[in-house]
Amino acid sequence: MTEPVSTPLDDKILKLEFTVKEVNSILNILGSLPFVQAVGLINAIQAQCTPQFDALQAEETKNESEAAS
């Protein structure tokens, strides 16, 4: 099998937006692949999503507390 040709754009950052549900679907699909093929991408997604998800949960908890007051 031949290696894909690399381009100068390969290491540039792209910003994508997905819902939590969409990210979970992507992770489920990646989880069905062989570990060695998917682990790097799964880890990258989790590293970027974890702080965002934690912030969303904190905001939701705050909103619930304020609503209960």
# chains A, B, ... in the order shown; residues from 1 in each chain; ligands from 1
$ residues_around --residues "region 20-36 of chain A" --least-positions-apart "4" --cutoff "9 Å" --atoms "only C-alpha atoms" --output "mmCIF file with C-alpha atoms, in the first residue's frame"
data_model
loop_
_atom_site.group_PDB
_atom_site.id
_atom_site.type_symbol
_atom_site.label_atom_id
_atom_site.label_comp_id
_atom_site.auth_asym_id
_atom_site.auth_seq_id
_atom_site.Cartn_x
_atom_site.Cartn_y
_atom_site.Cartn_z
ATOM 1 C CA GLY A 40 -5.006 8.972 17.513
ATOM 2 C CA LEU A 41 -8.143 10.598 16.159
ATOM 3 C CA ILE A 42 -10.272 9.473 19.116
ATOM 4 C CA ILE A 45 -11.355 14.553 19.598
ATOM 5 C CA GLN A 46 -11.585 13.766 23.309
ATOM 6 C CA CYS A 49 -14.104 18.135 23.494
ATOM 7 C CA PHE A 53 -18.179 19.563 27.504
#
$ atom_distance --atom1 "CA of Pro4 (chain A)" --atom2 "CA of Ala44 (chain A)"
20.5 Å
$ select_by_dssp --residues "chain A" --states "alpha helix (DSSP H)" --output "PyMOL selection string"
chain A and resi 20-31+35-68
